[in-house]
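Step one of this worksheet: look at the structure below.
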Protein chains: 2
Amino acid sequence: MRLTTKGRFAVTAMMDLALRGDEGPVALAGVSERQRISLSYLEQLFGKLRRFKLVDSVRGPGGGYCIARPLSMVTVADIIRAVDEPLDATQCGGRENCIDEHRCMTHELWSTLNAKMYDYLSSVSLADLVARQQEKEASLGAATVLEDRRIGPHPRPRNTRDKAAVAL
Amino acid sequence: MRLTTKGRFAVTAMMDLALRGDEGPVALAGVSERQRISLSYLEQLFGKLRRFKLVDSVRGPGGGYCIARPLSMVTVADIIRAVDEPLDATQCGGRENCIDEHRCMTHELWSTLNAKMYDYLSSVSLADLVARQQEKEASLGAATVLEDRRIGPHPRPRNTRDKAAVAL
DNA sequence: ATATAGTTGACCGTAACAGTAGGTTATTTG
DNA sequence: CAAATAACCTACTGTTACGGTCAACTATAT
């Protein structure tokens, strides 16, 4: 399991979707500006997330992405696996540094570590992250963090019931 | 905490040292052949390990490296920290993707993961790995894994009491 | 004196990451 | 229908780190 900003970006973007998922599809342009992530880069990441069935896409005006399952069924491990393709680059995949047919002396060490990381990231779902985030916002009394930062007129399409940009 | 083959190589090499540490300094040339790791690469790694005081070096014929502390006082985390310099590249170090002065929504997620990885790797010492390895060898009845694979004549210097190449 | 072996620094090819740019296709709205 | 929107796709860039090589140097033991 590899850990890079790629995976972090993906989790952050999925969080953004989760927090405003009930307003219909979320456009990447919005995610890009709120989370300060390059739009084209997001498009690449969401291409992968879509191929892994973690999100559904809606094309055309008012379109965007929706999370494809209940938030409690999407774990951080799922997201990272989707974008950071080679899941277990951490281990010598049988060959490579493993001597002869014996497993290398440290083989178990790495596979155990891998499992521990995977266990943790699998234990955290988007629902958990959303709950944690809302808790934080409530205690701060501030809705600023997730405000819409778009500069232009960019009128929200359709479902903008302007339920306040705050939360779920 | 980054995980790469660099760290794996370093741990493997330290294991090699640990397993024959009582025969005096261990030359990198031997480690290189036994563990199939490029000598020059090992030299780089051990330069770092030495600067982090994890090993002591002895120059000249019969020289090599010794582990600088009791095996139980050297953890895998120590080794990885020494060679994979930027310890916590996993987190946004305060800036970078963290929005405004607020910590980004996923900040805690990553720092918790980091702590979990660190906890595990800190809980495993070279003494543990050595014990595990000897157990494995005993049950296999095979001493082949750690045999000296040098091809040339390369006579062992000094302390070669030929205590059998097997173990501690 | 000579061979050994650690020490240092420069260098190289590859691959992955992070990001950019341009285009195409589908869908909604006026 | 036409125009705007936004997903989709491909190719390309610049940077970084990894994995590894090479050559020169210094200290030490025989």
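Each chain in the structure tokens gets a letter, A, B and so on, in the order shown; residues start at 1 in every chain, and ligands are counted from 1 in the order they appear.
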Please, which residues of chain B lie no more than 10 Å from chain D when the count uses only C-alpha atoms (C1' of nucleotides), and can they be set out as an mmCIF file with all heavy atoms, in the first residue's frame?
data_model
loop_
_atom_site.group_PDB
_atom_site.id
_atom_site.type_symbol
_atom_site.label_atom_id
_atom_site.label_comp_id
_atom_site.auth_asym_id
_atom_site.auth_seq_id
_atom_site.Cartn_x
_atom_site.Cartn_y
_atom_site.Cartn_z
ATOM 1 N N THR B 4 9.728 2.220 1.333
ATOM 2 C CA THR B 4 10.319 1.949 0.033
ATOM 3 C C THR B 4 11.297 0.785 0.155
ATOM 4 O O THR B 4 11.572 0.307 1.262
ATOM 5 C CB THR B 4 11.056 3.204 -0.489
ATOM 6 O OG1 THR B 4 12.120 2.800 -1.321
ATOM 7 C CG2 THR B 4 11.599 4.011 0.649
ATOM 8 N N THR B 5 11.797 0.338 -0.967
ATOM 9 C CA THR B 5 12.754 -0.761 -0.919
ATOM 10 C C THR B 5 14.034 -0.334 -0.211
ATOM 11 O O THR B 5 14.762 -1.171 0.316
ATOM 12 C CB THR B 5 13.127 -1.229 -2.330
ATOM 13 O OG1 THR B 5 13.699 -0.133 -3.029
ATOM 14 C CG2 THR B 5 11.915 -1.729 -3.068
ATOM 15 N N LYS B 6 14.280 0.964 -0.217
ATOM 16 C CA LYS B 6 15.428 1.493 0.499
ATOM 17 C C LYS B 6 15.390 1.059 1.961
ATOM 18 O O LYS B 6 16.364 0.528 2.492
ATOM 19 C CB LYS B 6 15.371 3.013 0.419
ATOM 20 C CG LYS B 6 16.679 3.724 0.439
ATOM 21 C CD LYS B 6 16.412 5.131 -0.024
ATOM 22 C CE LYS B 6 17.553 6.071 0.177
ATOM 23 N NZ LYS B 6 17.195 7.407 -0.359
ATOM 24 N N ILE B 37 22.427 -7.335 -2.628
ATOM 25 C CA ILE B 37 22.189 -5.901 -2.714
ATOM 26 C C ILE B 37 23.468 -5.248 -3.220
ATOM 27 O O ILE B 37 24.564 -5.601 -2.780
ATOM 28 C CB ILE B 37 21.812 -5.317 -1.334
ATOM 29 C CG1 ILE B 37 20.589 -6.041 -0.757
ATOM 30 C CG2 ILE B 37 21.543 -3.825 -1.437
ATOM 31 C CD1 ILE B 37 20.275 -5.656 0.675
ATOM 32 N N SER B 38 23.324 -4.342 -4.144
ATOM 33 C CA SER B 38 24.472 -3.637 -4.709
ATOM 34 C C SER B 38 25.388 -3.060 -3.630
ATOM 35 O O SER B 38 24.928 -2.390 -2.705
ATOM 36 C CB SER B 38 23.975 -2.494 -5.600
ATOM 37 O OG SER B 38 24.852 -1.395 -5.568
ATOM 38 N N LEU B 39 26.673 -3.341 -3.744
ATOM 39 C CA LEU B 39 27.617 -2.878 -2.722
ATOM 40 C C LEU B 39 27.608 -1.363 -2.578
ATOM 41 O O LEU B 39 27.534 -0.828 -1.475
ATOM 42 C CB LEU B 39 29.026 -3.365 -3.066
ATOM 43 C CG LEU B 39 30.148 -2.839 -2.169
ATOM 44 C CD1 LEU B 39 29.904 -3.208 -0.715
ATOM 45 C CD2 LEU B 39 31.508 -3.348 -2.624
ATOM 46 N N SER B 40 27.646 -0.680 -3.724
ATOM 47 C CA SER B 40 27.685 0.778 -3.653
ATOM 48 C C SER B 40 26.433 1.340 -2.995
ATOM 49 O O SER B 40 26.484 2.340 -2.273
ATOM 50 C CB SER B 40 27.830 1.375 -5.057
ATOM 51 O OG SER B 40 28.958 0.850 -5.696
ATOM 52 N N TYR B 41 25.347 0.683 -3.284
ATOM 53 C CA TYR B 41 24.087 1.119 -2.686
ATOM 54 C C TYR B 41 24.133 0.919 -1.173
ATOM 55 O O TYR B 41 23.738 1.794 -0.398
ATOM 56 C CB TYR B 41 22.938 0.340 -3.306
ATOM 57 C CG TYR B 41 21.601 1.006 -3.186
ATOM 58 C CD1 TYR B 41 21.492 2.397 -3.166
ATOM 59 C CD2 TYR B 41 20.443 0.264 -3.093
ATOM 60 C CE1 TYR B 41 20.255 2.999 -3.052
ATOM 61 C CE2 TYR B 41 19.214 0.862 -2.990
ATOM 62 C CZ TYR B 41 19.118 2.233 -2.968
ATOM 63 O OH TYR B 41 17.891 2.820 -2.856
ATOM 64 N N VAL B 58 34.516 0.120 11.267
ATOM 65 C CA VAL B 58 35.933 -0.166 11.476
ATOM 66 C C VAL B 58 36.592 -0.234 10.115
ATOM 67 O O VAL B 58 36.166 -1.020 9.262
ATOM 68 C CB VAL B 58 36.134 -1.511 12.217
ATOM 69 C CG1 VAL B 58 37.605 -1.782 12.422
ATOM 70 C CG2 VAL B 58 35.375 -1.525 13.524
ATOM 71 N N ARG B 59 37.576 0.581 9.897
ATOM 72 C CA ARG B 59 38.204 0.636 8.585
ATOM 73 C C ARG B 59 39.361 -0.346 8.493
ATOM 74 O O ARG B 59 39.812 -0.900 9.475
ATOM 75 C CB ARG B 59 38.688 2.054 8.316
ATOM 76 C CG ARG B 59 37.581 3.054 8.366
ATOM 77 C CD ARG B 59 38.091 4.464 8.205
ATOM 78 N NE ARG B 59 38.365 4.760 6.809
ATOM 79 C CZ ARG B 59 38.258 5.957 6.269
ATOM 80 N NH1 ARG B 59 37.897 6.984 7.007
ATOM 81 N NH2 ARG B 59 38.540 6.168 5.006
ATOM 82 N N GLY B 60 39.806 -0.504 7.260
ATOM 83 C CA GLY B 60 40.955 -1.374 7.016
ATOM 84 C C GLY B 60 40.572 -2.831 6.929
ATOM 85 O O GLY B 60 39.409 -3.189 7.128
ATOM 86 N N PRO B 61 41.555 -3.682 6.623
ATOM 87 C CA PRO B 61 41.308 -5.121 6.485
ATOM 88 C C PRO B 61 40.726 -5.679 7.772
ATOM 89 O O PRO B 61 41.154 -5.322 8.862
ATOM 90 C CB PRO B 61 42.705 -5.697 6.219
ATOM 91 C CG PRO B 61 43.513 -4.547 5.750
ATOM 92 C CD PRO B 61 42.950 -3.319 6.379
ATOM 93 N N GLY B 62 39.766 -6.568 7.634
ATOM 94 C CA GLY B 62 39.106 -7.115 8.806
ATOM 95 C C GLY B 62 38.069 -6.179 9.375
ATOM 96 O O GLY B 62 37.432 -6.482 10.365
ATOM 97 N N GLY B 63 37.936 -5.032 8.724
ATOM 98 C CA GLY B 63 36.973 -4.049 9.223
ATOM 99 C C GLY B 63 35.565 -4.367 8.785
ATOM 100 O O GLY B 63 35.263 -5.464 8.311
#
Which of stretch 13-137 of chain B end up as alpha helix (DSSP H) when DSSP is run on this backbone - answer as a ChimeraX atom specification?
/B:13-19,28-35,39-51,76-83,107-123,126-137
For a quick test of understanding: name the residues of chain A lying within 7 Å of chain B when counting only C-alpha atoms, and present them as a list in words.
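So the contacting residues turn out to be Leu3, Thr4, Thr12, Thr90, Met105, Thr106, Met117 and Gln133 of chain A.
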Which is closer to chain C than all the others in B:Val26, B:Phe52, B:Arg69, B:Ala82, using only C-alpha atoms (C1' of nucleotides)?
B:Val26
Tell me as a list in words which residues belonging to chain C come within 7 Å of chain B, counting only C-alpha atoms (C1' of nucleotides).
DT4, DA5 and DG6 of chain C
Atomic distance atom CA of A:Leu45 - atom CA of A:Cys66, expressed in Å with one decimal
14.1 Å
One number please: atom CA of A:Leu71 to atom CA of A:Gly7, in Å, one decimal.
17.7 Å
So how many Å separate atom CA of A:Leu17 and atom CA of A:Gly30, to one decimal?
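Computing it gives 9.9 Å between the two atoms.
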